[in-house]
>>> print(open('start-v5.cif').read())   # mmCIF, C-alpha atoms
data_data
loop_
_atom_site.label_atom_id
_atom_site.label_comp_id
_atom_site.auth_asym_id
_atom_site.auth_seq_id
_atom_site.Cartn_x
_atom_site.Cartn_y
_atom_site.Cartn_z
CA MET A 1 49.60 33.18 71.07
CA ARG A 2 48.06 29.93 72.21
CA SER A 3 45.32 31.68 74.15
CA LYS A 4 44.43 33.72 71.03
CA LEU A 5 44.16 30.55 68.97
CA ASN A 6 41.89 28.97 71.57
CA LEU A 7 39.76 32.09 71.53
CA ILE A 8 39.36 31.91 67.75
CA LEU A 9 38.51 28.20 67.92
CA LEU A 10 35.95 28.84 70.64
CA PHE A 11 34.37 31.61 68.54
CA LEU A 12 34.17 29.32 65.53
CA PHE A 13 32.70 26.49 67.59
CA ILE A 14 30.02 28.71 69.17
CA THR A 15 28.93 30.29 65.89
CA THR A 16 28.81 26.92 64.11
CA SER A 17 26.73 25.28 66.79
CA ALA A 18 24.48 28.34 67.09
CA PHE A 19 23.74 28.41 63.36
CA CYS A 20 22.87 24.74 63.41
CA GLN A 21 20.02 25.48 65.80
CA MET A 22 18.69 28.30 63.71
CA GLU A 23 16.98 26.07 61.16
CA ASN A 24 13.25 26.26 61.33
CA LEU A 25 12.74 22.57 60.79
CA LYS A 26 14.45 20.36 63.31
CA TRP A 27 15.45 16.85 62.51
CA GLN A 28 12.81 14.43 63.60
CA LYS A 29 11.60 10.94 62.97
CA SER A 30 9.93 10.31 59.64
CA ASP A 31 7.05 8.01 58.80
CA PRO A 32 7.98 6.38 55.52
CA SER A 33 5.35 4.30 53.74
CA TYR A 34 6.47 0.80 52.92
CA GLU A 35 3.45 0.08 50.72
CA LYS A 36 4.21 -0.94 47.17
CA PRO A 37 3.09 1.91 44.92
CA THR A 38 0.36 0.71 42.60
CA LYS A 39 -1.51 2.37 39.85
CA GLN A 40 -5.03 2.72 41.21
CA VAL A 41 -7.93 2.29 38.86
CA HIS A 42 -10.12 5.33 39.42
CA ARG A 43 -13.61 4.02 39.25
CA ASP A 44 -16.66 6.13 39.02
CA TYR A 45 -19.30 4.54 41.20
CA SER A 46 -21.96 7.11 40.42
CA PHE A 47 -25.21 6.18 38.73
CA GLU A 48 -25.10 9.02 36.21
CA ALA A 49 -26.62 7.86 32.94
CA ASP A 50 -28.09 9.46 29.84
CA ASN A 51 -30.65 6.72 29.22
CA PRO A 52 -32.18 3.66 30.97
CA GLY A 53 -29.79 1.32 29.13
CA GLU A 54 -26.78 3.11 30.54
CA LEU A 55 -28.34 3.08 34.00
CA ILE A 56 -28.81 -0.71 33.86
CA ALA A 57 -25.24 -1.26 32.65
CA LYS A 58 -23.81 1.15 35.24
CA SER A 59 -25.73 -0.55 38.03
CA LEU A 60 -24.43 -3.97 36.98
CA ALA A 61 -20.87 -2.67 36.64
CA ASN A 62 -20.99 -0.89 40.01
CA ALA A 63 -22.27 -4.06 41.70
CA TYR A 64 -19.56 -6.14 40.00
CA TRP A 65 -16.83 -3.68 40.96
CA PHE A 66 -18.00 -3.35 44.56
CA PHE A 67 -18.70 -7.01 45.35
CA ILE A 68 -16.22 -8.84 43.14
CA SER A 69 -13.58 -6.85 41.28
CA ASP A 70 -12.36 -4.63 44.13
CA VAL A 71 -11.95 -7.70 46.31
CA ASP A 72 -10.62 -10.06 43.67
CA GLY A 73 -8.17 -7.64 42.07
CA ASP A 74 -7.36 -6.49 38.58
CA ASN A 75 -7.45 -9.76 36.65
CA CYS A 76 -8.83 -8.79 33.25
CA PRO A 77 -6.13 -9.12 30.58
CA PHE A 78 -7.83 -6.51 28.37
CA ARG A 79 -7.99 -2.74 28.32
CA PRO A 80 -10.64 -1.49 28.66
CA SER A 81 -11.53 -4.21 31.15
CA CYS A 82 -14.64 -6.27 30.38
CA SER A 83 -16.88 -4.21 32.71
CA SER A 84 -15.58 -0.93 31.27
CA PHE A 85 -16.02 -2.42 27.79
CA LEU A 86 -19.72 -2.93 28.55
CA LEU A 87 -20.11 0.66 29.75
CA GLN A 88 -18.28 2.10 26.75
CA SER A 89 -20.26 -0.15 24.42
CA VAL A 90 -23.56 1.17 25.81
CA LYS A 91 -22.33 4.72 25.21
CA GLU A 92 -21.30 3.82 21.65
CA THR A 93 -24.44 1.85 20.77
CA ASN A 94 -27.40 0.72 22.89
CA ILE A 95 -28.02 -1.77 25.67
CA PHE A 96 -28.97 -4.65 23.34
CA GLN A 97 -26.02 -4.30 20.99
CA ALA A 98 -23.73 -3.63 23.95
CA SER A 99 -24.88 -6.90 25.59
CA LEU A 100 -23.94 -8.83 22.44
CA MET A 101 -20.60 -7.02 22.29
CA PHE A 102 -20.01 -7.86 25.95
CA PHE A 103 -20.77 -11.58 25.53
CA ASP A 104 -18.48 -11.70 22.50
CA ARG A 105 -15.73 -9.99 24.52
CA PHE A 106 -16.34 -12.40 27.41
CA THR A 107 -15.95 -15.36 25.02
CA ARG A 108 -12.69 -13.90 23.73
CA ASP A 109 -11.56 -13.38 27.31
CA MET A 110 -12.26 -17.07 28.09
CA ASN A 111 -10.07 -18.14 25.17
CA ILE A 112 -6.92 -19.43 26.83
CA ALA A 113 -4.93 -19.09 23.62
CA LYS A 114 -5.52 -15.43 22.85
CA GLY A 115 -1.79 -14.86 22.61
CA ASP A 116 0.39 -11.86 21.86
CA GLU A 117 0.01 -12.12 18.12
CA HIS A 118 -3.59 -11.04 18.01
CA TYR A 119 -4.08 -7.82 19.94
CA PRO A 120 -1.99 -4.69 20.28
CA LYS A 121 -1.03 -3.84 23.82
CA VAL A 122 -1.08 -0.88 26.15
CA SER A 123 2.19 0.05 27.80
CA ALA A 124 1.23 -1.75 31.02
CA GLY A 125 1.05 -5.04 29.09
CA TYR A 126 -2.71 -5.49 28.76
CA PHE A 127 -4.33 -6.34 25.43
CA TYR A 128 -5.82 -3.26 23.83
CA ASP A 129 -9.30 -4.02 22.56
CA PRO A 130 -11.55 -0.93 22.26
CA PRO A 131 -15.34 -1.31 21.70
CA LYS A 132 -15.20 1.06 18.69
CA ASN A 133 -13.89 -1.83 16.60
CA TYR A 134 -16.96 -3.95 17.35
CA THR A 135 -19.86 -1.58 16.58
CA LEU A 136 -20.29 -3.17 13.11
CA ASN A 137 -19.55 0.25 11.64
CA GLN A 138 -16.66 -0.41 9.22
CA GLY A 139 -15.70 3.28 9.24
CA LYS A 140 -15.10 3.28 12.98
CA ILE A 141 -12.67 0.35 12.96
CA LYS A 142 -9.14 1.47 13.65
CA TYR A 143 -6.94 -1.55 13.06
CA LEU A 144 -3.69 -1.60 14.99
CA PRO A 145 -1.06 -4.30 14.42
CA PRO A 146 -0.14 -6.56 17.38
CA ALA A 147 3.31 -4.95 17.61
CA PHE A 148 1.68 -1.60 18.36
CA ILE A 149 1.93 -0.28 21.92
CA ALA A 150 -0.93 2.08 22.77
CA ASP A 151 -0.87 4.70 25.53
CA ASP A 152 -2.05 3.31 28.85
CA GLU A 153 -5.71 4.24 29.59
CA MET B 1 70.62 37.79 19.85
CA ARG B 2 68.47 34.75 20.61
CA TYR B 3 65.81 36.92 22.24
CA ILE B 4 65.69 39.29 19.30
CA LEU B 5 65.24 36.37 16.89
CA THR B 6 62.44 34.85 18.95
CA PHE B 7 60.73 38.20 19.27
CA TYR B 8 61.05 38.75 15.54
CA LEU B 9 59.40 35.38 14.84
CA LEU B 10 56.60 35.74 17.39
CA ILE B 11 55.40 39.15 16.31
CA PRO B 12 54.53 38.26 12.71
CA LEU B 13 53.10 34.89 13.77
CA SER B 14 50.63 36.46 16.14
CA SER B 15 49.78 39.41 13.94
CA LEU B 16 49.18 37.50 10.68
CA PRO B 17 46.12 35.55 11.85
CA GLN B 18 44.52 38.87 12.78
CA THR B 19 45.10 40.38 9.40
CA THR B 20 43.37 37.64 7.33
CA SER B 21 39.69 38.47 7.22
CA PHE B 22 36.98 35.97 6.23
CA ASP B 23 33.49 37.22 5.65
CA PHE B 24 31.09 34.48 6.67
CA HIS B 25 28.16 36.56 5.47
CA LEU B 26 29.12 36.68 1.84
CA PRO B 27 26.42 34.95 -0.26
CA GLU B 28 29.00 32.54 -1.71
CA ASN B 29 30.11 31.53 1.77
CA ILE B 30 26.56 31.15 3.03
CA LYS B 31 25.90 28.95 0.01
CA LYS B 32 28.95 26.81 0.80
CA PHE B 33 27.75 26.39 4.36
CA ALA B 34 24.21 25.61 3.18
CA ASP B 35 25.56 23.05 0.69
CA HIS B 36 27.52 21.43 3.51
CA LEU B 37 24.41 21.25 5.70
CA PHE B 38 22.41 19.81 2.80
CA CYS B 39 25.00 17.09 2.22
CA GLU B 40 24.94 16.28 5.95
CA GLY B 41 21.19 15.76 5.69
CA ASP B 42 20.48 18.78 7.90
CA TYR B 43 17.83 19.99 5.48
CA LEU B 44 16.00 22.37 7.79
CA ARG B 45 19.08 24.45 8.58
CA ALA B 46 20.25 24.20 4.97
CA ILE B 47 16.90 25.63 3.81
CA GLU B 48 17.28 28.48 6.33
CA GLN B 49 20.66 29.35 4.84
CA TYR B 50 19.42 29.03 1.25
CA ASP B 51 16.52 31.35 2.11
CA LEU B 52 19.05 34.03 3.10
CA ILE B 53 20.66 34.07 -0.33
CA LYS B 54 18.05 32.94 -2.83
CA GLN B 55 17.05 36.54 -3.65
CA ILE B 56 20.67 37.49 -4.25
CA LEU B 57 21.99 34.50 -6.17
CA ASP B 58 18.86 33.60 -8.19
CA ASN B 59 19.96 30.03 -8.62
CA ASP B 60 17.55 27.32 -9.84
CA THR B 61 19.68 24.60 -8.22
CA ILE B 62 18.99 26.25 -4.87
CA GLU B 63 15.24 26.28 -5.56
CA PHE B 64 15.27 22.60 -6.43
CA LYS B 65 17.38 21.72 -3.40
CA VAL B 66 14.99 23.58 -1.11
CA MET B 67 12.12 21.69 -2.72
CA LEU B 68 13.97 18.40 -2.30
CA GLY B 69 14.84 19.26 1.30
CA TYR B 70 11.25 20.02 2.24
CA SER B 71 10.07 16.83 0.57
CA SER B 72 12.69 14.73 2.40
CA LEU B 73 11.54 16.26 5.69
CA GLY B 74 7.93 15.34 4.95
CA PHE B 75 6.79 18.92 4.32
CA HIS B 76 5.22 18.06 0.98
CA GLN B 77 2.89 21.04 0.87
CA GLU B 78 5.78 23.46 1.42
CA SER B 79 7.79 21.63 -1.22
CA ASN B 80 5.01 22.08 -3.76
CA GLU B 81 4.74 25.77 -2.86
CA ILE B 82 8.36 26.14 -4.01
CA PHE B 83 7.49 24.32 -7.26
CA LYS B 84 5.05 27.11 -8.12
CA VAL B 85 7.94 29.57 -8.47
CA VAL B 86 10.29 27.26 -10.40
CA ASN B 87 10.83 28.68 -13.87
CA ASP B 88 9.69 26.29 -16.62
CA LYS B 89 12.82 27.16 -18.62
CA SER B 90 15.00 25.92 -15.77
CA ASN B 91 17.15 22.80 -16.21
CA PHE B 92 15.55 21.44 -13.08
CA TYR B 93 11.95 22.00 -14.15
CA ALA B 94 11.35 18.40 -15.25
CA ASP B 95 12.83 17.02 -12.02
CA ALA B 96 10.88 19.55 -9.96
CA TYR B 97 7.71 18.52 -11.78
CA LEU B 98 8.32 14.86 -10.94
CA LEU B 99 9.01 15.76 -7.33
CA SER B 100 5.80 17.76 -7.19
CA LEU B 101 3.88 14.69 -8.39
CA LYS B 102 5.41 12.61 -5.61
CA ASN B 103 4.43 15.31 -3.10
CA GLN B 104 0.94 15.37 -4.56
CA LEU B 105 0.62 11.60 -4.09
CA LEU B 106 1.78 11.84 -0.48
CA ILE B 107 -0.51 14.76 0.33
CA ALA B 108 -3.73 13.48 -1.19
CA SER B 109 -3.20 9.70 -1.69
CA LYS B 110 -5.15 9.77 -4.93
CA LEU B 111 -4.77 9.19 -8.64
CA ILE B 112 -2.31 11.53 -10.41
CA ASN B 113 -4.10 13.00 -13.40
CA ASP B 114 -1.32 15.32 -14.60
CA SER B 115 0.11 14.77 -18.07
CA SER B 116 3.74 14.37 -19.05
CA ILE B 117 5.80 17.31 -20.32
CA ALA B 118 8.03 17.66 -23.36
CA LEU B 119 11.06 18.42 -21.20
CA PHE B 120 11.23 14.85 -19.88
CA ASN B 121 14.19 12.75 -20.91
CA SER B 122 13.80 8.98 -21.19
CA ILE B 123 14.63 8.30 -17.52
CA GLN B 124 12.27 10.99 -16.30
CA MET B 125 9.56 9.73 -18.65
CA LYS B 126 9.93 6.25 -17.16
CA SER B 127 9.71 7.64 -13.64
CA PHE B 128 6.60 9.58 -14.62
CA SER B 129 4.93 6.50 -16.10
CA LYS B 130 5.67 4.39 -13.02
CA LEU B 131 4.48 7.06 -10.60
CA THR B 132 1.22 7.76 -12.41
CA THR B 133 0.54 4.04 -12.90
CA ILE B 134 1.12 3.15 -9.25
CA SER B 135 -1.12 6.09 -8.23
CA MET B 136 -4.02 4.21 -9.89
CA LEU B 137 -3.98 1.91 -6.86
CA TYR B 138 -5.31 4.82 -4.80
CA ASP B 139 -8.31 5.23 -7.11
CA ASP B 140 -11.64 3.54 -6.32
CA GLU B 141 -12.46 3.01 -10.00
CA PHE B 142 -9.67 0.63 -10.86
CA ASN B 143 -10.14 -1.18 -14.14
CA ILE B 144 -6.99 -1.69 -16.14
CA PRO B 145 -5.68 -4.98 -17.56
CA LYS B 146 -2.85 -6.49 -15.51
CA GLU B 147 -0.39 -6.60 -18.44
CA LYS B 148 -0.89 -2.92 -19.11
CA PHE B 149 -0.61 -2.08 -15.44
CA ILE B 150 2.72 -3.80 -14.84
CA SER B 151 4.27 -2.91 -18.23
CA PRO B 152 6.02 0.37 -17.16
CA PHE B 153 7.83 -1.40 -14.32
CA ASP B 154 11.23 -3.11 -14.35
CA GLU B 155 11.56 -6.86 -14.02
CA GLU B 156 12.57 -6.75 -10.33
CA GLU B 157 9.63 -4.48 -9.45
CA ARG B 158 6.97 -6.51 -11.23
CA ASN B 159 6.46 -9.15 -8.52
CA SER B 160 5.52 -6.57 -5.92
CA VAL B 161 3.48 -4.46 -8.34
CA SER B 162 1.67 -7.59 -9.50
CA SER B 163 0.71 -8.52 -5.93
CA PHE B 164 -0.60 -5.00 -5.31
CA TYR B 165 -2.65 -5.31 -8.50
CA ASP B 166 -4.08 -8.63 -7.35
CA TYR B 167 -5.07 -7.15 -4.03
CA LYS B 168 -6.77 -4.21 -5.71
CA VAL B 169 -8.71 -6.39 -8.14
CA GLU B 170 -9.59 -9.13 -5.71
CA PRO B 171 -8.79 -8.38 -2.06
CA GLN B 172 -8.78 -11.48 0.15
CA TYR B 173 -11.67 -10.24 2.24
CA LYS B 174 -13.87 -12.47 4.36
CA SER B 175 -17.61 -12.04 4.13
CA PRO B 176 -19.14 -10.74 7.40
CA THR B 177 -22.56 -12.10 6.36
CA LEU B 178 -21.15 -15.57 5.73
CA ALA B 179 -19.30 -15.47 9.06
CA GLY B 180 -22.55 -14.59 10.84
CA ILE B 181 -24.53 -17.34 9.06
CA MET B 182 -21.86 -19.93 9.80
CA SER B 183 -21.89 -19.04 13.51
CA ALA B 184 -25.67 -19.23 13.52
CA ILE B 185 -25.51 -22.81 12.18
CA ILE B 186 -22.53 -24.04 14.19
CA PRO B 187 -21.51 -21.71 17.04
CA GLY B 188 -17.90 -20.57 16.64
CA SER B 189 -17.54 -21.66 13.02
CA GLY B 190 -17.79 -18.05 11.78
CA LYS B 191 -14.82 -17.14 13.96
CA MET B 192 -12.91 -20.13 12.63
CA TYR B 193 -13.74 -18.99 9.09
CA VAL B 194 -11.97 -15.66 9.72
CA GLY B 195 -9.00 -17.47 11.26
CA GLU B 196 -9.89 -16.96 14.94
CA TRP B 197 -9.63 -20.63 15.81
CA GLY B 198 -9.17 -20.18 19.56
CA ASP B 199 -12.15 -17.84 19.87
CA GLY B 200 -14.24 -20.15 17.68
CA ILE B 201 -13.54 -23.25 19.77
CA THR B 202 -14.17 -21.30 22.99
CA ALA B 203 -17.51 -20.04 21.64
CA LEU B 204 -18.50 -23.57 20.61
CA LEU B 205 -17.61 -24.97 24.04
CA ALA B 206 -19.36 -22.17 25.98
CA THR B 207 -22.57 -22.34 23.95
CA SER B 208 -22.63 -26.16 24.05
CA LEU B 209 -22.01 -26.20 27.78
CA PHE B 210 -24.89 -23.83 28.57
CA ALA B 211 -27.18 -25.62 26.12
CA PHE B 212 -26.40 -28.94 27.83
CA LEU B 213 -26.91 -27.43 31.32
CA ALA B 214 -30.24 -25.98 30.23
CA TYR B 215 -31.36 -29.26 28.70
CA ASP B 216 -30.22 -31.26 31.72
CA ASN B 217 -31.99 -28.97 34.18
CA PHE B 218 -35.18 -28.99 32.16
CA SER B 219 -35.00 -32.79 32.12
CA ALA B 220 -34.61 -32.82 35.89
CA ASP B 221 -37.49 -30.33 36.35
CA HIS B 222 -35.17 -27.62 37.76
CA THR B 223 -37.01 -25.01 35.77
CA THR B 224 -35.50 -21.85 37.31
CA ARG B 225 -31.93 -22.99 36.85
CA ALA B 226 -32.81 -24.28 33.40
CA TRP B 227 -34.11 -20.85 32.31
CA ILE B 228 -31.02 -19.10 33.71
CA PHE B 229 -28.78 -21.40 31.70
CA THR B 230 -31.01 -21.00 28.66
CA GLY B 231 -30.68 -17.22 28.91
CA LEU B 232 -26.91 -17.36 29.33
CA GLY B 233 -26.58 -19.84 26.48
CA ALA B 234 -28.75 -17.65 24.24
CA PHE B 235 -26.59 -14.60 24.98
CA PHE B 236 -23.40 -16.51 24.25
CA TYR B 237 -24.93 -17.85 21.04
CA ALA B 238 -26.15 -14.42 19.85
CA GLY B 239 -22.96 -12.71 21.02
CA ASN B 240 -20.93 -15.16 19.01
CA ILE B 241 -22.93 -14.49 15.82
CA TYR B 242 -22.45 -10.76 16.39
CA GLY B 243 -18.75 -11.26 17.19
CA SER B 244 -18.20 -13.32 14.04
CA VAL B 245 -19.54 -10.49 11.89
CA ALA B 246 -17.35 -7.99 13.77
CA SER B 247 -14.31 -10.28 13.46
CA ALA B 248 -14.78 -10.52 9.69
CA GLN B 249 -14.90 -6.71 9.50
CA ILE B 250 -11.73 -6.43 11.56
CA PHE B 251 -10.10 -9.08 9.35
CA ASN B 252 -10.92 -6.93 6.30
CA ALA B 253 -9.54 -3.84 8.01
CA ARG B 254 -6.34 -5.81 8.63
CA ILE B 255 -6.12 -6.68 4.92
CA ASP B 256 -6.52 -3.00 4.00
CA PHE B 257 -3.93 -2.01 6.57
CA ALA B 258 -1.43 -4.56 5.23
CA PHE B 259 -2.02 -3.31 1.67
CA SER B 260 -1.61 0.39 2.40
CA ASN B 261 1.40 -0.22 4.65
CA GLY B 262 3.02 -2.56 2.10
CA LEU B 263 2.45 -0.10 -0.73
CA GLU B 264 3.89 2.78 1.30
CA LEU B 265 6.95 0.74 2.21
CA PHE B 266 7.45 -0.37 -1.40
CA LEU B 267 7.23 3.21 -2.67
CA GLN B 268 9.69 4.40 -0.04
CA GLN B 269 12.13 1.65 -1.00
CA GLN B 270 11.80 2.66 -4.67
CA ASN B 271 12.12 6.37 -3.76
CA TYR B 272 8.76 6.87 -5.48
CA PHE B 273 10.52 5.96 -8.75
CA LEU B 274 12.30 9.29 -8.80
CA PRO B 275 15.92 9.48 -9.97
CA GLU B 276 18.57 9.76 -7.26
CA TYR B 277 19.92 13.29 -7.02
CA ASP B 278 23.46 13.61 -5.76
CA PHE B 279 24.55 17.18 -5.14
CA CYS B 280 27.36 16.16 -2.82
CA LYS B 281 29.93 14.64 -5.12
#
>>> encode(input="start-v5.cif", output="structure tokens")
Amino acid sequence: MRSKLNLILLFLFITTSAFCQMENLKWQKSDPSYEKPTKQVHRDYSFEADNPGELIAKSLANAYWFFISDVDGDNCPFRPSCSSFLLQSVKETNIFQASLMFFDRFTRDMNIAKGDEHYPKVSAGYFYDPPKNYTLNQGKIKYLPPAFIADDE
Amino acid sequence: MRYILTFYLLIPLSSLPQTTSFDFHLPENIKKFADHLFCEGDYLRAIEQYDLIKQILDNDTIEFKVMLGYSSLGFHQESNEIFKVVNDKSNFYADAYLLSLKNQLLIASKLINDSSIALFNSIQMKSFSKLTTISMLYDDEFNIPKEKFISPFDEEERNSVSSFYDYKVEPQYKSPTLAGIMSAIIPGSGKMYVGEWGDGITALLATSLFAFLAYDNFSADHTTRAWIFTGLGAFFYAGNIYGSVASAQIFNARIDFAFSNGLELFLQQQNYFLPEYDFCK
């Protein structure tokens, strides 16, 4: 009786250990990434432009991104950021009007007391301030109250 | 003996529930279920149930409740489609007419030009007057004396209605041209005029700083630097004039937004001056 029981146990042991080895993927060391996941800003460094004004603005923005912003980090409290605001403004208007819009935005950015009660925000916490509101075309203005949370990007 | 008695009791108890039949698909029962759903505020499912029986029962209360349900759900167009088939001899015709006017206001946001009907009782007539009067606020050609405008409204409504009238007659807009001129004379003052004090002071400081740097460098014969600062200062100056005009426009958009939002909220609170219908007592 005892020898039969041992035989059964041996059979069970052999089949269990054999099946364990049948997996295609063996256990092995993993290489986990310990980097903090961050939301990368996908920047388009191309020089594609529809007109000379856009080309000038894109060149300036590319230079700023490459030499300053990528090294310094994402410090602009607005969305779109000031450089993207310039590019979008050129698309909306022209290089001269866009320059004025940019300097106005830059002045508003320098204001240390811009506060939460003025601009709506995007979900990531940045102030939402699209160039469409500053084209001097009353019909394009889409006013959003400061309590509004816009979709990020 | 005990077993026989138990058996005798159990048999009828278990057989009786099987013998009572309840037809859930009878129109009366569907109506009861639909009424229950309506009272629970489940209008969409209630309308589905009413749709099953409206051909059979031919009930004007059902038509009005479907209309009311659609309107409560925000389907104003669908609600008004139902109104087209409401019989004008129906007891609910006057109420359905009022509801259709409310739907019309919510669909088009414009002046209600429809006239009153003879079927209106005094309460319905009052609702009609209030609804058509308030719809004037949506019209661009607004010229009615204030006393006449607020006269259909009750005492507790008059304060709000009066403030909406004031806005319509004289909105507290800021002039973009004036903002631009002010910033051209004193940098930043146009922004301050529209209430952007922080931006205004920043613009004044930035423009003054670059103007001083330009002047100082010209004085010291550092011409290149002086021209760079002059250029920057000029851009800040011009950008501020432009920004002041834009800020005044955004300020005006904010005023319009506050008005339309306030009016919508007020009308919701007043249930668009319609009587309260309680079918669930």
>>> residues_around(input="start-v5.cif", residues="range 55-62 of chain B", least_positions_apart="5", cutoff="12 Å", atoms="all atoms listed in the file", output="PDB file with C-alpha atoms, in the frame of the given file")
ATOM      1  CA  LEU B  26      29.120  36.680   1.840  1.00  0.00           C
ATOM      2  CA  PRO B  27      26.420  34.950  -0.260  1.00  0.00           C
ATOM      3  CA  GLU B  28      29.000  32.540  -1.710  1.00  0.00           C
ATOM      4  CA  ASN B  29      30.110  31.530   1.770  1.00  0.00           C
ATOM      5  CA  ILE B  30      26.560  31.150   3.030  1.00  0.00           C
ATOM      6  CA  LYS B  31      25.900  28.950   0.010  1.00  0.00           C
ATOM      7  CA  LYS B  32      28.950  26.810   0.800  1.00  0.00           C
ATOM      8  CA  ALA B  34      24.210  25.610   3.180  1.00  0.00           C
ATOM      9  CA  ASP B  35      25.560  23.050   0.690  1.00  0.00           C
ATOM     10  CA  PHE B  38      22.410  19.810   2.800  1.00  0.00           C
ATOM     11  CA  ALA B  46      20.250  24.200   4.970  1.00  0.00           C
ATOM     12  CA  ILE B  47      16.900  25.630   3.810  1.00  0.00           C
ATOM     13  CA  GLU B  48      17.280  28.480   6.330  1.00  0.00           C
ATOM     14  CA  GLN B  49      20.660  29.350   4.840  1.00  0.00           C
ATOM     15  CA  TYR B  50      19.420  29.030   1.250  1.00  0.00           C
ATOM     16  CA  MET B  67      12.120  21.690  -2.720  1.00  0.00           C
ATOM     17  CA  LEU B  68      13.970  18.400  -2.300  1.00  0.00           C
ATOM     18  CA  GLY B  69      14.840  19.260   1.300  1.00  0.00           C
ATOM     19  CA  ILE B  82       8.360  26.140  -4.010  1.00  0.00           C
ATOM     20  CA  PHE B  83       7.490  24.320  -7.260  1.00  0.00           C
ATOM     21  CA  VAL B  85       7.940  29.570  -8.470  1.00  0.00           C
ATOM     22  CA  VAL B  86      10.290  27.260 -10.400  1.00  0.00           C
ATOM     23  CA  ASN B  87      10.830  28.680 -13.870  1.00  0.00           C
ATOM     24  CA  ASP B  88       9.690  26.290 -16.620  1.00  0.00           C
ATOM     25  CA  LYS B  89      12.820  27.160 -18.620  1.00  0.00           C
ATOM     26  CA  SER B  90      15.000  25.920 -15.770  1.00  0.00           C
ATOM     27  CA  ASN B  91      17.150  22.800 -16.210  1.00  0.00           C
ATOM     28  CA  PHE B  92      15.550  21.440 -13.080  1.00  0.00           C
ATOM     29  CA  TYR B  93      11.950  22.000 -14.150  1.00  0.00           C
ATOM     30  CA  ASP B  95      12.830  17.020 -12.020  1.00  0.00           C
ATOM     31  CA  ALA B  96      10.880  19.550  -9.960  1.00  0.00           C
ATOM     32  CA  TYR B 277      19.920  13.290  -7.020  1.00  0.00           C
ATOM     33  CA  ASP B 278      23.460  13.610  -5.760  1.00  0.00           C
ATOM     34  CA  PHE B 279      24.550  17.180  -5.140  1.00  0.00           C
TER      35      PHE B 279
END
>>> closest_atom_pairs(input="start-v5.cif", of="chain B", to="chain A", cutoff="8 Å", atoms="all atoms listed in the file", output="tab-separated table")
residue	atom	partner	partner_atom	distance
B:Gly198	CA	A:Ala113	CA	6.0
B:Asp199	CA	A:Arg108	CA	5.5
B:Thr202	CA	A:Asn111	CA	5.6
B:Ala203	CA	A:Thr107	CA	6.0
B:Ala206	CA	A:Thr107	CA	7.7
B:Phe235	CA	A:Phe103	CA	6.6
B:Phe236	CA	A:Phe103	CA	5.7
B:Ala238	CA	A:Leu100	CA	6.5
B:Gly239	CA	A:Leu100	CA	4.2
B:Asn240	CA	A:Asp104	CA	5.5
B:Tyr242	CA	A:Leu100	CA	6.5
B:Gly243	CA	A:Asp104	CA	5.3
B:Val245	CA	A:Leu136	CA	7.5
B:Ala246	CA	A:Tyr134	CA	5.4
B:Ser247	CA	A:Tyr134	CA	7.9
B:Gln249	CA	A:Gln138	CA	6.5
B:Ile250	CA	A:Ile141	CA	7.0
B:Ala253	CA	A:Tyr143	CA	6.1
B:Arg254	CA	A:Tyr143	CA	6.2
B:Phe257	CA	A:Tyr143	CA	7.2
>>> axis_aligned_box(input="start-v5.cif", around="range 5-10 of chain A", padding_each_side="8 Å", output="JSON")
{"center_x": 40.1, "center_y": 30.1, "center_z": 69.7, "size_x": 24.2, "size_y": 19.9, "size_z": 19.8}
>>> atom_distance(input="start-v5.cif", atom1="CA of Asn217 in chain B", atom2="CA of Ile241 in chain B")
25.1 Å
>>> resolve_selection(input="start-v5.cif", expression="the PyMOL selection byres ((chain A and resi 81-87) around 7)", output="list of chain:residue names")
A:Ala57, A:Lys58, A:Ala61, A:Cys76, A:Phe78, A:Arg79, A:Pro80, A:Gln88, A:Ser89, A:Val90, A:Lys91, A:Ala98, A:Phe102, A:Pro131
>>> residues_around(input="start-v5.cif", residues="range 103-114 of chain B", least_positions_apart="6", cutoff="6 Å", atoms="all atoms listed in the file", output="ChimeraX atom specification")
/B:76,132,135-136,138-139
>>> atom_distance(input="start-v5.cif", atom1="CA of Ser123 in chain A", atom2="CA of Asp70 in chain A")
22.4 Å
>>> residues_around(input="start-v5.cif", residues="Asn62 in chain A", least_positions_apart="2", cutoff="12 Å", atoms="only C-alpha atoms", output="PyMOL selection string")
chain A and resi 43-48+54-60+64-70+83-84+86-87
>>> atom_distance(input="start-v5.cif", atom1="CA of Cys280 in chain B", atom2="CA of Cys39 in chain B")
5.6 Å
>>> residues_near_point(input="start-v5.cif", point="(3.4, 1.1, 18.2)", cutoff="10 Å", atoms="all atoms listed in the file", output="MDAnalysis selection string")
chainID A and resid 120:123 144:151
>>> resolve_selection(input="start-v5.cif", expression="the PyMOL selection byres ((chain B and resi 180) around 8)", output="VMD selection string")
chain B and resid 176 to 179 181 to 184 190 241 to 242 244 to 245
>>> residues_around(input="start-v5.cif", residues="Asp256 in chain B", least_positions_apart="3", cutoff="10 Å", atoms="all atoms listed in the file", output="ChimeraX atom specification")
/A:143 /B:167-168,171-173,250-253,259-262
>>> resolve_selection(input="start-v5.cif", expression="the PyMOL selection byres ((chain B and resi 119) around 8)", output="ChimeraX atom specification")
/B:93-94,117-118,120-121
>>> residues_around(input="start-v5.cif", residues="Tyr119 in chain A", least_positions_apart="4", cutoff="7 Å", atoms="only C-alpha atoms", output="PyMOL selection string")
chain A and resi 127-129+146
>>> closest_residue(input="start-v5.cif", among="A:Asn6, A:Glu117, A:Phe13, A:Gly53", to="Glu196 in chain B", atoms="only C-alpha atoms")
A:Glu117
